[in-house]
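Dropping protein_34.txt in here (compact mmCIF, C-alpha atoms):
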# COMPACT_ATOMS: atom_id res chain seq x y z
CA MET A 23 0.00 0.00 0.00
CA ASP A 24 2.85 2.39 0.82
CA ALA A 25 4.46 1.74 -2.54
CA ALA A 26 1.17 2.31 -4.33
CA ASN A 27 0.76 5.68 -2.68
CA LYS A 28 4.10 6.98 -3.95
CA SER A 29 4.96 8.23 -7.42
CA THR A 30 6.95 5.77 -9.49
CA VAL A 31 6.86 7.80 -12.70
CA THR A 32 10.17 9.58 -13.35
CA GLU A 33 9.30 11.08 -16.73
CA PHE A 34 6.35 11.86 -18.94
CA VAL A 35 5.85 11.42 -22.67
CA LEU A 36 4.39 14.49 -24.41
CA LEU A 37 2.20 13.20 -27.23
CA GLY A 38 2.11 16.62 -28.89
CA LEU A 39 -0.51 17.75 -31.35
CA SER A 40 -0.30 15.03 -33.98
CA ASP A 41 1.49 11.80 -34.90
CA SER A 42 1.54 12.70 -38.59
CA TRP A 43 5.05 13.63 -39.83
CA GLU A 44 3.61 16.07 -42.36
CA LEU A 45 1.57 17.86 -39.71
CA GLN A 46 4.56 17.92 -37.37
CA MET A 47 6.65 19.69 -40.02
CA PHE A 48 3.79 22.11 -40.64
CA PHE A 49 3.51 22.85 -36.92
CA PHE A 50 7.30 23.24 -36.71
CA ILE A 51 7.31 25.93 -39.38
CA VAL A 52 4.18 27.75 -38.17
CA PHE A 53 5.08 27.73 -34.48
CA SER A 54 8.67 28.75 -35.19
CA LEU A 55 7.44 31.76 -37.15
CA PHE A 56 4.93 32.65 -34.43
CA TYR A 57 7.56 32.34 -31.70
CA VAL A 58 10.04 34.56 -33.53
CA ALA A 59 7.27 37.09 -34.25
CA THR A 60 6.25 37.03 -30.58
CA MET A 61 9.76 37.73 -29.33
CA VAL A 62 10.50 40.40 -31.96
CA GLY A 63 7.14 42.15 -31.62
CA ASN A 64 7.13 42.28 -27.84
CA CYS A 65 10.81 43.25 -27.65
CA LEU A 66 10.03 46.09 -30.05
CA ILE A 67 7.25 47.34 -27.78
CA VAL A 68 9.50 47.23 -24.71
CA MET A 69 12.34 49.04 -26.50
CA THR A 70 9.99 51.65 -27.97
CA VAL A 71 8.34 52.49 -24.65
CA ILE A 72 11.69 52.74 -22.88
CA ALA A 73 13.27 54.87 -25.62
CA ASP A 74 10.42 57.33 -26.21
CA SER A 75 9.76 59.90 -23.48
CA HIS A 76 6.25 60.54 -24.85
CA LEU A 77 5.24 57.00 -23.88
CA GLN A 78 6.21 57.35 -20.22
CA SER A 79 2.65 56.97 -18.95
CA PRO A 80 0.87 54.36 -16.79
CA MET A 81 -0.84 52.71 -19.78
CA TYR A 82 2.43 52.10 -21.62
CA PHE A 83 4.21 51.06 -18.43
CA LEU A 84 1.59 48.35 -17.96
CA LEU A 85 1.77 47.48 -21.65
CA THR A 86 5.53 46.98 -21.35
CA ASN A 87 5.02 44.55 -18.49
CA LEU A 88 2.36 42.75 -20.51
CA SER A 89 4.88 42.29 -23.32
CA ILE A 90 7.43 40.86 -20.88
CA ILE A 91 4.86 38.39 -19.56
CA ASP A 92 3.82 37.43 -23.10
CA MET A 93 7.42 36.67 -24.04
CA SER A 94 7.74 34.54 -20.91
CA LEU A 95 4.44 32.75 -21.55
CA ALA A 96 5.51 31.97 -25.11
CA SER A 97 8.89 30.61 -23.91
CA PHE A 98 8.00 28.20 -21.12
CA ALA A 99 7.03 25.37 -23.50
CA THR A 100 7.08 26.45 -27.17
CA PRO A 101 10.87 26.22 -27.75
CA LYS A 102 10.91 22.67 -26.38
CA MET A 103 8.01 21.71 -28.62
CA ILE A 104 9.77 23.17 -31.66
CA ILE A 105 12.99 21.29 -30.83
CA ASP A 106 11.06 18.07 -30.16
CA TYR A 107 9.62 18.20 -33.69
CA LEU A 108 13.18 18.14 -35.05
CA THR A 109 14.73 15.61 -32.68
CA GLY A 110 11.71 13.36 -32.13
CA HIS A 111 12.47 13.49 -28.39
CA ARG A 112 9.13 13.90 -26.66
CA THR A 113 9.91 12.97 -23.08
CA ILE A 114 10.14 15.36 -20.15
CA SER A 115 11.38 14.56 -16.67
CA PHE A 116 9.04 14.65 -13.69
CA ASP A 117 10.83 17.73 -12.36
CA GLY A 118 10.67 19.34 -15.81
CA CYS A 119 6.93 18.72 -15.95
CA ILE A 120 6.40 20.31 -12.53
CA THR A 121 8.54 23.25 -13.64
CA GLN A 122 6.33 23.79 -16.69
CA ILE A 123 3.24 23.76 -14.47
CA PHE A 124 4.86 26.33 -12.18
CA PHE A 125 5.83 28.76 -14.92
CA LEU A 126 2.55 28.36 -16.82
CA HIS A 127 0.49 29.32 -13.78
CA LEU A 128 3.00 31.99 -12.76
CA PHE A 129 2.72 33.81 -16.09
CA THR A 130 -1.01 33.27 -16.60
CA GLY A 131 -1.84 34.28 -13.02
CA THR A 132 0.34 37.38 -13.32
CA GLU A 133 -1.20 38.30 -16.67
CA ILE A 134 -4.72 38.00 -15.26
CA ILE A 135 -3.97 40.54 -12.54
CA LEU A 136 -2.08 42.78 -14.98
CA LEU A 137 -5.01 42.82 -17.38
CA MET A 138 -7.23 43.85 -14.50
CA ALA A 139 -4.75 46.63 -13.67
CA MET A 140 -4.86 47.79 -17.30
CA SER A 141 -8.67 47.89 -17.22
CA PHE A 142 -8.50 49.87 -13.97
CA ASP A 143 -6.11 52.31 -15.66
CA ARG A 144 -8.53 52.85 -18.57
CA TYR A 145 -11.47 53.18 -16.17
CA ILE A 146 -9.73 55.96 -14.22
CA ALA A 147 -8.49 57.67 -17.40
CA ILE A 148 -11.98 57.85 -18.93
CA CYS A 149 -14.36 57.99 -15.98
CA LYS A 150 -12.22 60.11 -13.63
CA PRO A 151 -9.84 62.03 -15.93
CA LEU A 152 -9.26 64.94 -13.51
CA ARG A 153 -7.96 62.57 -10.84
CA TYR A 154 -6.03 60.30 -13.22
CA ALA A 155 -2.55 61.70 -12.49
CA THR A 156 -3.14 61.46 -8.75
CA ILE A 157 -4.63 57.97 -8.69
CA MET A 158 -2.35 56.36 -11.30
CA SER A 159 0.90 57.68 -9.85
CA PRO A 160 4.22 55.90 -10.58
CA ARG A 161 4.10 54.36 -7.10
CA VAL A 162 0.62 52.96 -7.70
CA CYS A 163 1.62 51.56 -11.10
CA LEU A 164 4.66 49.84 -9.59
CA ALA A 165 2.51 48.48 -6.77
CA LEU A 166 0.03 47.04 -9.28
CA VAL A 167 2.79 45.26 -11.20
CA VAL A 168 4.41 43.91 -8.02
CA THR A 169 1.01 42.71 -6.79
CA ALA A 170 0.43 40.94 -10.11
CA TRP A 171 3.69 39.00 -9.75
CA ILE A 172 3.05 38.19 -6.08
CA VAL A 173 -0.40 36.81 -6.91
CA GLY A 174 1.11 34.86 -9.81
CA VAL A 175 3.74 33.29 -7.55
CA MET A 176 1.19 32.40 -4.88
CA HIS A 177 -1.17 30.85 -7.44
CA SER A 178 1.57 28.85 -9.16
CA MET A 179 2.93 27.58 -5.84
CA SER A 180 -0.52 26.29 -4.88
CA GLN A 181 -0.74 24.39 -8.17
CA VAL A 182 2.77 22.94 -7.75
CA VAL A 183 2.09 21.82 -4.17
CA PHE A 184 -1.09 20.16 -5.38
CA ALA A 185 0.73 18.43 -8.27
CA LEU A 186 3.53 17.18 -6.00
CA SER A 187 0.98 15.64 -3.64
CA LEU A 188 -0.41 13.42 -6.37
CA PRO A 189 0.83 9.82 -6.76
CA PHE A 190 1.78 8.86 -10.33
CA CYS A 191 2.16 5.11 -10.63
CA GLY A 192 0.59 4.21 -13.95
CA PRO A 193 0.49 5.68 -17.48
CA ASN A 194 2.85 8.56 -18.19
CA GLU A 195 1.61 9.81 -21.57
CA VAL A 196 0.52 13.46 -21.49
CA ASP A 197 -1.88 14.16 -24.37
CA SER A 198 -0.56 17.66 -24.99
CA PHE A 199 2.65 19.48 -25.97
CA PHE A 200 3.32 20.70 -22.42
CA CYS A 201 2.47 19.79 -18.85
CA ASP A 202 -0.57 21.37 -17.24
CA LEU A 203 -2.76 20.16 -14.41
CA PRO A 204 -5.93 19.48 -16.45
CA VAL A 205 -4.08 16.76 -18.41
CA VAL A 206 -1.47 15.66 -15.87
CA PHE A 207 -3.82 15.10 -12.94
CA GLN A 208 -5.80 12.58 -14.99
CA LEU A 209 -2.72 10.33 -14.89
CA ALA A 210 -2.68 10.25 -11.08
CA CYS A 211 -3.59 7.09 -9.20
CA VAL A 212 -6.49 8.73 -7.37
CA ASN A 213 -10.10 9.70 -8.00
CA THR A 214 -10.00 12.32 -10.75
CA TYR A 215 -13.49 13.60 -9.93
CA VAL A 216 -12.31 15.19 -6.69
CA LEU A 217 -9.26 16.58 -8.45
CA GLY A 218 -11.52 18.06 -11.12
CA LEU A 219 -13.46 19.93 -8.46
CA PHE A 220 -10.18 21.32 -7.13
CA MET A 221 -9.22 22.50 -10.61
CA ILE A 222 -12.58 24.22 -11.06
CA SER A 223 -12.43 25.93 -7.66
CA THR A 224 -8.79 27.10 -7.79
CA SER A 225 -8.45 28.11 -11.44
CA GLY A 226 -11.75 27.96 -13.32
CA ILE A 227 -13.91 29.99 -10.97
CA ILE A 228 -11.11 32.50 -10.35
CA ALA A 229 -10.60 33.05 -14.08
CA LEU A 230 -14.35 33.33 -14.69
CA SER A 231 -14.80 35.81 -11.82
CA CYS A 232 -11.92 37.99 -13.05
CA PHE A 233 -13.34 37.95 -16.56
CA ILE A 234 -16.78 39.04 -15.30
CA LEU A 235 -15.19 41.90 -13.35
CA LEU A 236 -13.20 42.96 -16.40
CA PHE A 237 -16.23 42.71 -18.65
CA ASN A 238 -18.29 44.90 -16.31
CA SER A 239 -15.53 47.50 -16.08
CA TYR A 240 -15.24 47.74 -19.85
CA VAL A 241 -19.02 48.03 -20.18
CA ILE A 242 -18.93 51.01 -17.81
CA VAL A 243 -16.04 52.55 -19.74
CA LEU A 244 -17.73 52.06 -23.11
CA LEU A 245 -20.98 53.54 -21.84
CA THR A 246 -19.04 56.54 -20.58
CA ILE A 247 -17.28 56.93 -23.93
CA ARG A 248 -20.59 56.73 -25.76
CA GLN A 249 -21.71 59.91 -24.02
CA HIS A 250 -18.89 61.82 -25.72
CA SER A 251 -18.19 62.37 -29.40
CA SER A 252 -14.81 64.08 -29.42
CA GLY A 253 -11.68 62.77 -31.12
CA GLY A 254 -10.21 61.90 -27.74
CA SER A 255 -13.19 59.70 -27.02
CA SER A 256 -12.76 57.93 -30.33
CA LYS A 257 -9.14 57.26 -29.43
CA ALA A 258 -10.17 55.96 -26.01
CA LEU A 259 -12.80 53.73 -27.61
CA SER A 260 -10.15 52.26 -29.95
CA THR A 261 -7.80 51.63 -27.03
CA CYS A 262 -10.49 49.99 -24.88
CA THR A 263 -11.64 47.85 -27.78
CA ALA A 264 -8.09 46.58 -28.26
CA HIS A 265 -7.79 45.87 -24.54
CA PHE A 266 -11.04 43.92 -24.50
CA ILE A 267 -9.97 41.83 -27.51
CA VAL A 268 -6.83 40.84 -25.62
CA VAL A 269 -8.86 40.02 -22.52
CA PHE A 270 -11.35 37.88 -24.45
CA MET A 271 -8.63 35.96 -26.33
CA PHE A 272 -6.74 35.25 -23.11
CA PHE A 273 -9.62 34.44 -20.75
CA GLY A 274 -11.81 32.49 -23.17
CA PRO A 275 -9.56 29.42 -23.53
CA CYS A 276 -8.47 29.54 -19.87
CA ILE A 277 -12.04 29.55 -18.61
CA PHE A 278 -13.07 26.66 -20.83
CA ILE A 279 -10.05 24.48 -19.96
CA TYR A 280 -10.24 24.98 -16.20
CA MET A 281 -14.02 25.04 -15.84
CA TRP A 282 -14.30 21.73 -17.70
CA PRO A 283 -11.05 19.87 -16.82
CA LEU A 284 -12.45 16.54 -18.08
CA SER A 285 -13.42 17.86 -21.51
CA SER A 286 -12.13 16.64 -24.88
CA PHE A 287 -8.34 16.49 -25.19
CA LEU A 288 -8.58 17.75 -28.78
CA VAL A 289 -10.45 20.88 -27.72
CA ASP A 290 -8.03 21.44 -24.83
CA LYS A 291 -5.02 21.16 -27.15
CA ILE A 292 -6.47 23.65 -29.62
CA LEU A 293 -7.25 26.15 -26.85
CA SER A 294 -3.84 25.60 -25.24
CA VAL A 295 -2.15 26.51 -28.52
CA PHE A 296 -4.34 29.59 -28.71
CA TYR A 297 -3.44 31.16 -25.36
CA THR A 298 0.22 30.04 -25.21
CA ILE A 299 1.26 30.68 -28.83
CA PHE A 300 -1.28 32.80 -30.70
CA THR A 301 -2.30 35.31 -28.02
CA PRO A 302 1.26 36.44 -27.11
CA VAL A 303 1.96 37.32 -30.75
CA LEU A 304 -1.42 38.97 -31.32
CA ASN A 305 -1.02 41.35 -28.38
CA PRO A 306 1.73 43.49 -29.98
CA VAL A 307 -0.10 43.38 -33.32
CA ILE A 308 -3.31 44.70 -31.75
CA TYR A 309 -1.61 47.40 -29.74
CA THR A 310 0.83 48.62 -32.42
CA LEU A 311 -1.52 48.56 -35.41
CA ARG A 312 -4.34 50.30 -33.52
CA ASN A 313 -2.24 52.83 -31.62
CA GLN A 314 -0.94 55.84 -33.52
CA ASP A 315 1.36 56.93 -30.69
CA VAL A 316 3.16 53.60 -30.62
CA LYS A 317 3.51 53.52 -34.41
CA ALA A 318 4.95 57.04 -34.41
CA ALA A 319 7.37 56.10 -31.64
CA ILE A 320 8.51 53.00 -33.58
CA ARG A 321 9.19 55.13 -36.65
CA LYS A 322 11.22 57.57 -34.55
CA LEU A 323 13.19 54.70 -33.02
CA LYS A 324 13.89 53.23 -36.46
CA ASN A 325 15.07 56.59 -37.82
CA ARG A 326 17.27 57.10 -34.77
CA LEU A 327 18.90 53.71 -35.23
CA LEU A 328 19.43 54.29 -38.96
CA ASN A 329 20.96 57.71 -38.38
CA SER A 330 23.27 56.35 -35.68
CA ASN A 331 24.46 53.61 -38.03
CA LYS A 332 25.18 56.14 -40.76
CA ALA A 333 27.08 58.34 -38.34
CA THR A 334 29.30 55.48 -37.17
CA PRO A 335 32.60 55.58 -39.14
CA LEU A 336 33.80 52.40 -40.75
CA GLN A 337 36.81 50.85 -39.09
Step by step, read the file and then write its structure as C-alpha cells.
Amino acid sequence: MDAANKSTVTEFVLLGLSDSWELQMFFFIVFSLFYVATMVGNCLIVMTVIADSHLQSPMYFLLTNLSIIDMSLASFATPKMIIDYLTGHRTISFDGCITQIFFLHLFTGTEIILLMAMSFDRYIAICKPLRYATIMSPRVCLALVVTAWIVGVMHSMSQVVFALSLPFCGPNEVDSFFCDLPVVFQLACVNTYVLGLFMISTSGIIALSCFILLFNSYVIVLLTIRQHSSGGSSKALSTCTAHFIVVFMFFGPCIFIYMWPLSSFLVDKILSVFYTIFTPVLNPVIYTLRNQDVKAAIRKLKNRLLNSNKATPLQ
C-alpha cells in the first residue's frame, strides 16, 4: 500500500498535437514563425516604450510589463516543442513537468492581474480624468505590477504543491505538448473527480470571476465613452476595444479548460495553442496597429537607429 501511494513515474511522454510527420513539419514551421514574431514584436514594444519619453505613462508602463509576460508565456514550452519536432524526443522529466506547471500558472496568473490593472487604468483615465494623475501615480503603477507578480507566484505555488501531492504510478503519456494540471492530474492514481473539483475551484472559478469583473468594467467605460463624441473619445474607444480583444482571447480558452477539466483532449489542445502561442503574438499586433502613438514612436526609433548607423565611421 505504501508503494502504491508513492509516485513511481520519473518522466512523462508528451504526445504533442499530432502523430503525422507532415503535420509535425507544418507545426514546426508555423510555431517557429509565431515564436520569432512574438519575441521580436514584444521586444520592439519594450524598447519603444523605454526609448520614447512621450510613452512614459501608466498605460504604456503596464503594456511593457504585458509584453514581458507574453514573451515569458511563449517561452515556457514552445521552444521545447519546436525542438522536439526536429529531434523526435518527446519525453520530459518529472521535475521538468512540474517546472512547466509552475511557470505556466505563474505567467497566466500574473497576466490575469495585470489585465485587471490595465482595465482599472482605462477606467480611471476615462471615468475620472481629472484625478487620473493622482490615482495612477508611478508608485501605484509599480505596486500594481508587483502585486500581479506576487499573486502569480502564490497561485503557481498552490498548483505545484497540489501536483507534487499526487501519486503517479501508472500511465505517463501526457496528451498535450506541455504539462498542465488538467491533463497531468488525470494520470494520477487517485479519483479524478475530486481533483476536477479542485481544478474548477482554484483556477476555473477565479478566471471566470476575473473575466466578469473585467467585462463589467469595460461596459462602464464604453458607456461613458458613448456619451462623448470628441476625437479623444474615439481614441479611447479604440484603445479599450483593443484591450477587450486581448482580454477575451486570453480568458476564453483559460475559462473553458479549467471550468471543464475533463473535456475533450482535442479541444483542450487547440485552446492551449491559442493562449500560449497565438495570443502572445497577437497582443503586440493589436496594440501597435491600432495605436498611432506607438507607431509614431517606432518610426522615430527606427530613424534614430538608422541615423546612428550612418554616423558610425567604418573601421
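Taking only C-alpha atoms into account, A:Val35 lies nearest to A:Ser115 out of the set A:Ser115, A:Thr310, A:Thr263, A:Thr298.
Comparing A:Thr32, A:Leu88, A:Phe83, A:Ser40 by their smallest distance to A:Arg161, the closest is A:Phe83 (using only C-alpha atoms).
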Each residue of stretch 66-169 of chain A with at least one atom at most 12 Å from stretch 316-328 of chain A should appear once, together with its nearest atom pair and the corresponding distance in Å (one decimal); atoms considered: only C-alpha atoms; ordering: chain, then increasing residue number; output as CSV.
residue,atom,partner,partner_atom,distance
A:Leu66,CA,A:Ile320,CA,7.9
A:Ile67,CA,A:Val316,CA,8.0
A:Val68,CA,A:Ile320,CA,10.6
A:Met69,CA,A:Leu323,CA,8.7
A:Thr70,CA,A:Ile320,CA,6.0
A:Val71,CA,A:Ala319,CA,7.9
A:Ile72,CA,A:Ala319,CA,10.3
A:Ala73,CA,A:Leu323,CA,7.4
A:Asp74,CA,A:Ala319,CA,6.3
A:Ser75,CA,A:Ala319,CA,9.3
A:His76,CA,A:Ala319,CA,8.2
A:Leu77,CA,A:Val316,CA,7.8
A:Gln78,CA,A:Val316,CA,11.5
A:Met81,CA,A:Val316,CA,11.6
A:Tyr82,CA,A:Val316,CA,9.2
A:Leu85,CA,A:Val316,CA,10.9
A:Thr86,CA,A:Val316,CA,11.6
field: Long-range neighbours of A:Ser54 as number ranges by chain, 12 Å cut-off, all atoms listed in the file, 4 positions minimum in chain
entry: A: 46-50, 58-61, 96-97, 100-105, 107-108, 299-300, 303
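Using only C-alpha atoms, the nearest neighbour of A:Glu195 within the list A:Gly63, A:Arg112, A:Ser42, A:Phe53 is A:Arg112.
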- prompt: Quick one, how far is atom CA of A:Tyr309 from atom CA of A:Ser239?
  reply: 19.5 Å
message: Quick one: residues within 10 Å of A:Ser198, all atoms listed in the file, excluding same-chain residues fewer than 6 positions away - as a VMD selection string?
response: chain A and resid 35 to 40 205 to 206 287 to 288 290 to 292 294 to 295
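Taking atom CA of A:Val168 and atom CA of A:Pro80 as endpoints, the distance between them is 14.1 Å.
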Rebuild N, CA and C atoms on stretch 152-178 of chain A, as a PDB file, in the frame of the given file?
ATOM      1  N   LEU A 152      -9.878  63.870 -14.302  1.00  0.00           N
ATOM      2  CA  LEU A 152      -9.260  64.940 -13.510  1.00  0.00           C
ATOM      3  C   LEU A 152      -8.415  64.385 -12.366  1.00  0.00           C
ATOM      4  N   ARG A 153      -8.708  63.185 -11.945  1.00  0.00           N
ATOM      5  CA  ARG A 153      -7.960  62.570 -10.840  1.00  0.00           C
ATOM      6  C   ARG A 153      -6.974  61.509 -11.330  1.00  0.00           C
ATOM      7  N   TYR A 154      -6.837  61.373 -12.654  1.00  0.00           N
ATOM      8  CA  TYR A 154      -6.030  60.300 -13.220  1.00  0.00           C
ATOM      9  C   TYR A 154      -4.576  60.376 -12.751  1.00  0.00           C
ATOM     10  N   ALA A 155      -3.965  61.555 -12.850  1.00  0.00           N
ATOM     11  CA  ALA A 155      -2.550  61.700 -12.490  1.00  0.00           C
ATOM     12  C   ALA A 155      -2.314  61.395 -11.020  1.00  0.00           C
ATOM     13  N   THR A 156      -3.282  61.716 -10.188  1.00  0.00           N
ATOM     14  CA  THR A 156      -3.140  61.460  -8.750  1.00  0.00           C
ATOM     15  C   THR A 156      -3.315  59.994  -8.423  1.00  0.00           C
ATOM     16  N   ILE A 157      -4.349  59.382  -9.002  1.00  0.00           N
ATOM     17  CA  ILE A 157      -4.630  57.970  -8.690  1.00  0.00           C
ATOM     18  C   ILE A 157      -3.588  57.049  -9.308  1.00  0.00           C
ATOM     19  N   MET A 158      -3.300  57.239 -10.594  1.00  0.00           N
ATOM     20  CA  MET A 158      -2.350  56.360 -11.300  1.00  0.00           C
ATOM     21  C   MET A 158      -0.946  56.963 -11.233  1.00  0.00           C
ATOM     22  N   SER A 159      -0.450  57.155 -10.038  1.00  0.00           N
ATOM     23  CA  SER A 159       0.900  57.680  -9.850  1.00  0.00           C
ATOM     24  C   SER A 159       1.917  56.569 -10.137  1.00  0.00           C
ATOM     25  N   PRO A 160       3.189  56.925 -10.345  1.00  0.00           N
ATOM     26  CA  PRO A 160       4.220  55.900 -10.580  1.00  0.00           C
ATOM     27  C   PRO A 160       4.274  54.855  -9.466  1.00  0.00           C
ATOM     28  N   ARG A 161       4.077  55.306  -8.214  1.00  0.00           N
ATOM     29  CA  ARG A 161       4.100  54.360  -7.100  1.00  0.00           C
ATOM     30  C   ARG A 161       2.950  53.376  -7.191  1.00  0.00           C
ATOM     31  N   VAL A 162       1.777  53.852  -7.568  1.00  0.00           N
ATOM     32  CA  VAL A 162       0.620  52.960  -7.700  1.00  0.00           C
ATOM     33  C   VAL A 162       0.836  51.973  -8.841  1.00  0.00           C
ATOM     34  N   CYS A 163       1.361  52.447  -9.957  1.00  0.00           N
ATOM     35  CA  CYS A 163       1.620  51.560 -11.100  1.00  0.00           C
ATOM     36  C   CYS A 163       2.608  50.463 -10.726  1.00  0.00           C
ATOM     37  N   LEU A 164       3.677  50.837 -10.029  1.00  0.00           N
ATOM     38  CA  LEU A 164       4.660  49.840  -9.590  1.00  0.00           C
ATOM     39  C   LEU A 164       4.028  48.853  -8.625  1.00  0.00           C
ATOM     40  N   ALA A 165       3.186  49.359  -7.725  1.00  0.00           N
ATOM     41  CA  ALA A 165       2.510  48.480  -6.770  1.00  0.00           C
ATOM     42  C   ALA A 165       1.592  47.488  -7.479  1.00  0.00           C
ATOM     43  N   LEU A 166       0.912  47.933  -8.528  1.00  0.00           N
ATOM     44  CA  LEU A 166       0.030  47.040  -9.280  1.00  0.00           C
ATOM     45  C   LEU A 166       0.820  45.918  -9.948  1.00  0.00           C
ATOM     46  N   VAL A 167       1.968  46.270 -10.532  1.00  0.00           N
ATOM     47  CA  VAL A 167       2.790  45.260 -11.200  1.00  0.00           C
ATOM     48  C   VAL A 167       3.373  44.273 -10.181  1.00  0.00           C
ATOM     49  N   VAL A 168       3.865  44.783  -9.058  1.00  0.00           N
ATOM     50  CA  VAL A 168       4.410  43.910  -8.020  1.00  0.00           C
ATOM     51  C   VAL A 168       3.331  42.990  -7.476  1.00  0.00           C
ATOM     52  N   THR A 169       2.131  43.527  -7.271  1.00  0.00           N
ATOM     53  CA  THR A 169       1.010  42.710  -6.790  1.00  0.00           C
ATOM     54  C   THR A 169       0.674  41.604  -7.783  1.00  0.00           C
ATOM     55  N   ALA A 170       0.714  41.945  -9.079  1.00  0.00           N
ATOM     56  CA  ALA A 170       0.430  40.940 -10.110  1.00  0.00           C
ATOM     57  C   ALA A 170       1.407  39.767 -10.014  1.00  0.00           C
ATOM     58  N   TRP A 171       2.685  40.070  -9.848  1.00  0.00           N
ATOM     59  CA  TRP A 171       3.690  39.000  -9.750  1.00  0.00           C
ATOM     60  C   TRP A 171       3.550  38.217  -8.456  1.00  0.00           C
ATOM     61  N   ILE A 172       3.229  38.896  -7.357  1.00  0.00           N
ATOM     62  CA  ILE A 172       3.050  38.190  -6.080  1.00  0.00           C
ATOM     63  C   ILE A 172       1.873  37.221  -6.166  1.00  0.00           C
ATOM     64  N   VAL A 173       0.762  37.685  -6.737  1.00  0.00           N
ATOM     65  CA  VAL A 173      -0.400  36.810  -6.910  1.00  0.00           C
ATOM     66  C   VAL A 173      -0.059  35.645  -7.828  1.00  0.00           C
ATOM     67  N   GLY A 174       0.701  35.928  -8.900  1.00  0.00           N
ATOM     68  CA  GLY A 174       1.110  34.860  -9.810  1.00  0.00           C
ATOM     69  C   GLY A 174       1.951  33.804  -9.120  1.00  0.00           C
ATOM     70  N   VAL A 175       2.889  34.227  -8.282  1.00  0.00           N
ATOM     71  CA  VAL A 175       3.740  33.290  -7.550  1.00  0.00           C
ATOM     72  C   VAL A 175       2.909  32.450  -6.579  1.00  0.00           C
ATOM     73  N   MET A 176       2.020  33.117  -5.852  1.00  0.00           N
ATOM     74  CA  MET A 176       1.190  32.400  -4.880  1.00  0.00           C
ATOM     75  C   MET A 176       0.294  31.372  -5.576  1.00  0.00           C
ATOM     76  N   HIS A 177      -0.296  31.779  -6.709  1.00  0.00           N
ATOM     77  CA  HIS A 177      -1.170  30.850  -7.440  1.00  0.00           C
ATOM     78  C   HIS A 177      -0.377  29.666  -7.983  1.00  0.00           C
ATOM     79  N   SER A 178       0.770  29.931  -8.576  1.00  0.00           N
ATOM     80  CA  SER A 178       1.570  28.850  -9.160  1.00  0.00           C
ATOM     81  C   SER A 178       2.091  27.906  -8.082  1.00  0.00           C
TER      82      SER A 178
END
